[in-house]
Amino acid sequence: MNRKHFIVIFIFVAGICACNKDVLEEIFQGFQKPINFPQPVYHFETNPITKERYELGRKLFYDPILSVDNTISCGSCHIQTSAFTHHGHSVSHGIFDSLGTRNSPPIMNLAWNTSFMWDGGIVDLDLQSIAPITNHIEMGETMPNVLQKLRASSTYPVLFEKAWGSQEITSNNFLKSLSQFMVMCVSSNSKYDSVSRNLGVSFTGDEQEGYTLVKQKCTPCHQEPLFTDYSFRNNGISISGVNDLGRGLVTQIDTDKYKFKVPSLRNLTYTAPYMHDGRFFTLEAVIDHYSNQVQNTPNLDPIFKQGGQLGISLTANEKQKIIVFLKTLNDKGFLFDKRFSEQ
Amino acid sequence: MKRIILSVFSITLLLSSCKKDDAPNYNSNVKADLSVEFDNVVGSSNLQLNTGSYTNGVGQSFNVTKLKYYVSNFVLTNVDGSVYTVPQKDCYFLIDESDATTYKPKLSIPEGEYKSLSFVLGVDSLRNTMDINQRTGVLDVSAAAADMYWSWNSGYIFFKIEGTSPGVAPFKYHVGGFGGYTTATTNNLRTFTLDLRTRGTAQVKSGKSANIHLFVDVLKAITGTTNMTFGTPAEIHSPTAGIPIANNYSSMIVHDHTEN
């Protein structure tokens, strides 16, 4: 085989790849349930995904027009390269540099979420966006004003018409467009997923041991494959000066005080800091908390006080292996998936 | 002759009076207009936003700067005992003291004479958990309902009264809470059932426009079982904190008269 042949073959292969890429970009696949995931709970029947609506939702997500002074977009505190959290911020900055009291949660796999926010105060993803938009320390806007700005813009009426068949911008098509973008942000291509799907990948010895430990020590709260059971629990972190009642604020039931939603363990490497108020900067600090810093605060989950002992007993070796396993839940492709990026 | 004339006159009188008593011929297959007027008052005074000065149960004088509430799920009982439930989708109204066009919700109901009216103060749990595309008109969170909705704890505010009182922080009482989505939580929905027979049944007939005139005494919302003291607390923004007001307001609406 001479050099000329090589070049011809190279050009041919390159041509096929280029074609493939174009074709891939052309075909919009809608929402795809990963085969190792359960059925989603989002109501796709009342908000069927289309390319135009999803793209409109993505544009809205990254547009600071949704905030009162046009400075903060959803993407400001939900940054893709941090799995849509606000990396390095215990709590996020909103308009006029105001600080909130809670850590911005990742936007990933929301189609499986049974409620939203750390306290579950919001029951439908379509109603979720109203909260940060109207919160006076997040985006500080009013819903009527947001829709007014969109109606007055030169681009949005046309995009709404393309997506929804009418230039009319309503609560329904505005909020559902945002939901379409958010439910499409599926993160399911970690090493753990490849192992689960028998894609010819296997865990290392330490990862496997860590996996076994997580199943023993971290369930039922962090249940596979989404690594959360979406319940609300008090995990024994100390009560901070803010005295955030968590779930108790929403239900106003005493036995719900200090409970927060169990977060997923996926993409942990990118979503530090941890806990509802971002108090722990490293996974080591989180695991140390569970092993020897659990406090017997009101409504502490019974899981953390078994056998007269507070917390979960873990040796240094076990902690280290758990962390090794947790890293197999990272899905780096999700962080750079162009479909989810500002265009 | 005189006697005959008298008899004829009496018979005619009797006939015509019979006819009158017999009332109009109602056709229950035909729908006609009925309005229900929510006339906001404070004790024995008409409510005047901003300018009117009133006194609460603990002697604090105050004015009212905002008064808004939802009424929904109207049900009417005919004198023959039959019950008509207004279709739910047409049955949500936001009464706003600052907008006179909202005072008299209009219903379309089968012709007939009605002896009882029932409705809910608030937005029922079913509608509170419906898809966003079912939340239009007065329930639109980007329009009429923008300031009648809690985004952080998904649900409508049912009743909102705000005002000022000398020497204390302005009061803002926002009452909501439909009973929870997955967990049973505070339910501040209140159903009113008003007997119309004492002060006038509603005669609903095409071409006429009967109006059931209600008095809504907002003083009762802040006095009564619990006497609210302005300033302590100044504001109420959660279902549980709103319970005393909901309990108070469950007796604030009475039937005054009916215009047939």
# chains A, B, ... in the order shown; residues from 1 in each chain; ligands from 1

call {"tool": "interface_residues", "arguments": {"of": "chain B", "to": "chain A", "cutoff": "6 Å", "atoms": "only C-alpha atoms", "output": "ChimeraX atom specification"}}
result
/B:132-133,142-143,151-154,185

call {"tool": "write_last_selection", "arguments": {"atoms": "C-alpha atoms", "output": "PDB file, in the first residue's frame"}}
result
ATOM      1  CA  ILE B 132     -49.973  24.878  33.619  1.00  0.00           C
ATOM      2  CA  ASN B 133     -52.144  24.943  30.474  1.00  0.00           C
ATOM      3  CA  SER B 142     -48.025  35.590  34.511  1.00  0.00           C
ATOM      4  CA  ALA B 143     -51.079  37.809  34.631  1.00  0.00           C
ATOM      5  CA  SER B 151     -43.805  30.025  43.705  1.00  0.00           C
ATOM      6  CA  TRP B 152     -41.648  28.538  46.494  1.00  0.00           C
ATOM      7  CA  ASN B 153     -44.465  26.333  47.784  1.00  0.00           C
ATOM      8  CA  SER B 154     -46.501  25.783  44.624  1.00  0.00           C
ATOM      9  CA  THR B 185     -50.648  19.956  54.982  1.00  0.00           C
TER      10      THR B 185
END

call {"tool": "select_by_dssp", "arguments": {"residues": "region 155-327 of chain A", "states": "alpha helix (DSSP H)", "output": "MDAnalysis selection string"}}
result
chainID A and resid 156:164 171:184 191:196 205:217 247:251 283:288 316:326

call {"tool": "closest_residue", "arguments": {"among": "B:Leu139, B:Leu94, B:Val71, B:Ile222", "to": "Arg190 (chain B)", "atoms": "only C-alpha atoms"}}
result
B:Val71

call {"tool": "residues_around", "arguments": {"residues": "Thr223 (chain B)", "least_positions_apart": "2", "cutoff": "12 Å", "atoms": "only C-alpha atoms", "output": "JSON list (two decimals) with N, CA, C and O atoms, in the first residue's frame"}}
result
[["chain", "number", "residue", "atom", "x", "y", "z"],
["B", 42, "VAL", "N", -66.66, 46.84, 55.70],
["B", 42, "VAL", "CA", -65.91, 46.72, 56.96],
["B", 42, "VAL", "C", -66.89, 47.03, 58.08],
["B", 42, "VAL", "O", -67.26, 48.20, 58.27],
["B", 43, "GLY", "N", -67.33, 46.01, 58.77],
["B", 43, "GLY", "CA", -68.36, 46.22, 59.79],
["B", 43, "GLY", "C", -69.59, 46.83, 59.15],
["B", 43, "GLY", "O", -70.14, 46.30, 58.19],
["B", 55, "THR", "N", -61.55, 50.44, 62.60],
["B", 55, "THR", "CA", -60.92, 50.03, 63.86],
["B", 55, "THR", "C", -61.04, 48.52, 64.01],
["B", 55, "THR", "O", -62.13, 47.97, 63.81],
["B", 56, "ASN", "N", -59.94, 47.88, 64.36],
["B", 56, "ASN", "CA", -59.98, 46.42, 64.50],
["B", 56, "ASN", "C", -60.45, 46.02, 65.91],
["B", 56, "ASN", "O", -60.77, 46.88, 66.74],
["B", 57, "GLY", "N", -60.43, 44.75, 66.17],
["B", 57, "GLY", "CA", -60.98, 44.23, 67.42],
["B", 57, "GLY", "C", -60.19, 44.59, 68.67],
["B", 57, "GLY", "O", -60.69, 44.44, 69.79],
["B", 58, "VAL", "N", -58.95, 45.03, 68.49],
["B", 58, "VAL", "CA", -58.16, 45.41, 69.66],
["B", 58, "VAL", "C", -57.94, 46.92, 69.71],
["B", 58, "VAL", "O", -57.04, 47.42, 70.39],
["B", 59, "GLY", "N", -58.75, 47.66, 68.95],
["B", 59, "GLY", "CA", -58.74, 49.12, 69.05],
["B", 59, "GLY", "C", -57.74, 49.84, 68.17],
["B", 59, "GLY", "O", -57.57, 51.05, 68.30],
["B", 60, "GLN", "N", -57.06, 49.11, 67.27],
["B", 60, "GLN", "CA", -56.11, 49.79, 66.38],
["B", 60, "GLN", "C", -56.87, 50.31, 65.17],
["B", 60, "GLN", "O", -57.65, 49.58, 64.55],
["B", 217, "ASP", "N", -67.78, 40.92, 54.92],
["B", 217, "ASP", "CA", -67.30, 41.81, 55.98],
["B", 217, "ASP", "C", -65.86, 41.45, 56.33],
["B", 217, "ASP", "O", -65.60, 40.53, 57.12],
["B", 218, "VAL", "N", -64.91, 42.18, 55.73],
["B", 218, "VAL", "CA", -63.50, 41.83, 55.93],
["B", 218, "VAL", "C", -63.03, 42.10, 57.36],
["B", 218, "VAL", "O", -62.00, 41.57, 57.78],
["B", 219, "LEU", "N", -63.79, 42.89, 58.10],
["B", 219, "LEU", "CA", -63.44, 43.08, 59.51],
["B", 219, "LEU", "C", -63.47, 41.73, 60.24],
["B", 219, "LEU", "O", -62.67, 41.48, 61.15],
["B", 220, "LYS", "N", -64.39, 40.87, 59.79],
["B", 220, "LYS", "CA", -64.51, 39.56, 60.44],
["B", 220, "LYS", "C", -63.28, 38.69, 60.19],
["B", 220, "LYS", "O", -63.00, 37.77, 60.95],
["B", 221, "ALA", "N", -62.57, 38.96, 59.07],
["B", 221, "ALA", "CA", -61.38, 38.16, 58.78],
["B", 221, "ALA", "C", -60.26, 38.45, 59.78],
["B", 221, "ALA", "O", -59.40, 37.61, 60.03],
["B", 225, "THR", "N", -62.86, 34.82, 66.13],
["B", 225, "THR", "CA", -62.26, 33.81, 66.99],
["B", 225, "THR", "C", -60.85, 34.22, 67.40],
["B", 225, "THR", "O", -60.46, 34.09, 68.56],
["B", 226, "THR", "N", -60.08, 34.70, 66.42],
["B", 226, "THR", "CA", -58.76, 35.25, 66.74],
["B", 226, "THR", "C", -58.76, 36.73, 66.41],
["B", 226, "THR", "O", -59.02, 37.11, 65.27],
["B", 227, "ASN", "N", -58.51, 37.56, 67.39],
["B", 227, "ASN", "CA", -58.42, 38.99, 67.16],
["B", 227, "ASN", "C", -57.00, 39.32, 66.72],
["B", 227, "ASN", "O", -56.07, 39.27, 67.53],
["B", 228, "MET", "N", -56.82, 39.64, 65.44],
["B", 228, "MET", "CA", -55.48, 39.95, 64.97],
["B", 228, "MET", "C", -55.03, 41.31, 65.50],
["B", 228, "MET", "O", -55.83, 42.26, 65.53],
["B", 229, "THR", "N", -53.76, 41.36, 65.92],
["B", 229, "THR", "CA", -53.18, 42.63, 66.35],
["B", 229, "THR", "C", -52.17, 43.04, 65.30],
["B", 229, "THR", "O", -51.23, 42.29, 65.02],
["B", 230, "PHE", "N", -52.39, 44.19, 64.67],
["B", 230, "PHE", "CA", -51.45, 44.62, 63.63],
["B", 230, "PHE", "C", -50.07, 44.82, 64.25],
["B", 230, "PHE", "O", -49.93, 45.34, 65.35],
["B", 244, "PRO", "N", -55.60, 31.13, 61.55],
["B", 244, "PRO", "CA", -56.55, 31.95, 62.32],
["B", 244, "PRO", "C", -57.41, 32.84, 61.43],
["B", 244, "PRO", "O", -58.60, 33.02, 61.69],
["B", 245, "ILE", "N", -56.79, 33.38, 60.38],
["B", 245, "ILE", "CA", -57.57, 34.25, 59.49],
["B", 245, "ILE", "C", -58.59, 33.43, 58.70],
["B", 245, "ILE", "O", -59.74, 33.83, 58.54],
["B", 246, "ALA", "N", -58.16, 32.25, 58.24],
["B", 246, "ALA", "CA", -59.11, 31.40, 57.50],
["B", 246, "ALA", "C", -60.28, 31.01, 58.40],
["B", 246, "ALA", "O", -61.44, 31.01, 57.97],
["B", 247, "ASN", "N", -59.97, 30.71, 59.64],
["B", 247, "ASN", "CA", -61.06, 30.38, 60.57],
["B", 247, "ASN", "C", -61.96, 31.58, 60.79],
["B", 247, "ASN", "O", -63.18, 31.44, 60.87],
["B", 248, "ASN", "N", -61.36, 32.75, 60.88],
["B", 248, "ASN", "CA", -62.16, 33.96, 61.03],
["B", 248, "ASN", "C", -63.03, 34.20, 59.79],
["B", 248, "ASN", "O", -64.22, 34.46, 59.90],
["B", 249, "TYR", "N", -62.42, 34.11, 58.62],
["B", 249, "TYR", "CA", -63.17, 34.51, 57.43],
["B", 249, "TYR", "C", -64.24, 33.51, 57.01],
["B", 249, "TYR", "O", -65.05, 33.81, 56.15],
["B", 250, "SER", "N", -64.24, 32.38, 57.64],
["B", 250, "SER", "CA", -65.28, 31.42, 57.27],
["B", 250, "SER", "C", -66.68, 31.90, 57.65],
["B", 250, "SER", "O", -67.68, 31.32, 57.25],
["B", 251, "SER", "N", -66.75, 33.01, 58.43],
["B", 251, "SER", "CA", -68.09, 33.54, 58.73],
["B", 251, "SER", "C", -68.25, 34.97, 58.22],
["B", 251, "SER", "O", -69.14, 35.69, 58.64],
["B", 252, "MET", "N", -67.42, 35.38, 57.27],
["B", 252, "MET", "CA", -67.48, 36.80, 56.89],
["B", 252, "MET", "C", -68.45, 37.08, 55.75],
["B", 252, "MET", "O", -68.73, 38.24, 55.45]]

call {"tool": "atom_distance", "arguments": {"atom1": "CA of Val68 (chain A)", "atom2": "CA of Thr155 (chain A)"}}
result
19.0 Å

call {"tool": "atom_distance", "arguments": {"atom1": "CA of Gly278 (chain A)", "atom2": "CA of Pro106 (chain A)"}}
result
12.5 Å

call {"tool": "residues_around", "arguments": {"residues": "Ser45 (chain B)", "least_positions_apart": "4", "cutoff": "9 Å", "atoms": "only C-alpha atoms", "output": "list in words"}}
result
Val41, Gly52 and Tyr54 of chain B

call {"tool": "residues_around", "arguments": {"residues": "Asp39 (chain B)", "least_positions_apart": "5", "cutoff": "8 Å", "atoms": "only C-alpha atoms", "output": "number ranges by chain"}}
result
B: 103, 213-216

call {"tool": "residues_around", "arguments": {"residues": "Thr297 (chain A)", "least_positions_apart": "3", "cutoff": "9 Å", "atoms": "only C-alpha atoms", "output": "list in words"}}
result
Asn234, Gly236, Ile237, Ser238, Ile239, Tyr258, Val294 and Leu300 of chain A

call {"tool": "write_last_selection", "arguments": {"atoms": "C-alpha atoms", "output": "short mmCIF file (atom, residue, chain, number, x, y, z; two decimals), in the first residue's frame"}}
result
data_model
loop_
_atom_site.label_atom_id
_atom_site.label_comp_id
_atom_site.auth_asym_id
_atom_site.auth_seq_id
_atom_site.Cartn_x
_atom_site.Cartn_y
_atom_site.Cartn_z
CA ASN A 234 -32.28 14.94 58.13
CA GLY A 236 -27.45 15.06 60.94
CA ILE A 237 -25.53 18.07 59.71
CA SER A 238 -25.38 20.76 62.36
CA ILE A 239 -28.09 23.41 62.35
CA TYR A 258 -34.40 20.04 59.09
CA VAL A 294 -23.54 13.22 62.63
CA LEU A 300 -32.47 12.88 62.53
#

call {"tool": "closest_residue", "arguments": {"among": "A:Tyr211, A:Trp112, A:Phe181, A:Tyr230", "to": "Pro34 (chain A)", "atoms": "only C-alpha atoms"}}
result
A:Trp112

call {"tool": "residues_around", "arguments": {"residues": "Ser35 (chain B)", "least_positions_apart": "2", "cutoff": "7 Å", "atoms": "only C-alpha atoms", "output": "number ranges by chain"}}
result
B: 33, 37, 104-107, 210-212

call {"tool": "atom_distance", "arguments": {"atom1": "CA of Gly112 (chain B)", "atom2": "CA of Val204 (chain B)"}}
result
5.2 Å

call {"tool": "select_by_dssp", "arguments": {"residues": "region 22-121 of chain A", "states": "strand (DSSP E or B)", "output": "list in words"}}
result
Ile79, Thr85, His93, Leu99 and Phe116 of chain A

call {"tool": "write_last_selection", "arguments": {"atoms": "N, CA and C atoms", "output": "JSON list (two decimals), in the first residue's frame"}}
result
[["chain", "number", "residue", "atom", "x", "y", "z"],
["A", 79, "ILE", "N", -24.23, 26.09, 35.80],
["A", 79, "ILE", "CA", -23.20, 26.14, 34.77],
["A", 79, "ILE", "C", -22.91, 24.72, 34.27],
["A", 85, "THR", "N", -24.36, 23.25, 38.16],
["A", 85, "THR", "CA", -24.41, 23.85, 39.50],
["A", 85, "THR", "C", -23.56, 25.12, 39.46],
["A", 93, "HIS", "N", -24.92, 33.83, 43.99],
["A", 93, "HIS", "CA", -25.17, 35.26, 43.92],
["A", 93, "HIS", "C", -26.30, 35.50, 42.93],
["A", 99, "LEU", "N", -26.92, 37.35, 48.11],
["A", 99, "LEU", "CA", -26.62, 35.94, 48.37],
["A", 99, "LEU", "C", -27.85, 35.20, 48.84],
["A", 116, "PHE", "N", -39.16, 19.41, 43.35],
["A", 116, "PHE", "CA", -38.04, 20.27, 43.02],
["A", 116, "PHE", "C", -37.68, 21.15, 44.20]]

call {"tool": "closest_residue", "arguments": {"among": "B:Leu194, B:Ala184, B:Leu67, B:Ile157", "to": "Thr102 (chain B)", "atoms": "only C-alpha atoms"}}
result
B:Leu67

call {"tool": "closest_residue", "arguments": {"among": "A:Lys319, A:Asn235, A:Lys33, A:Cys185", "to": "Phe304 (chain A)", "atoms": "only C-alpha atoms"}}
result
A:Asn235
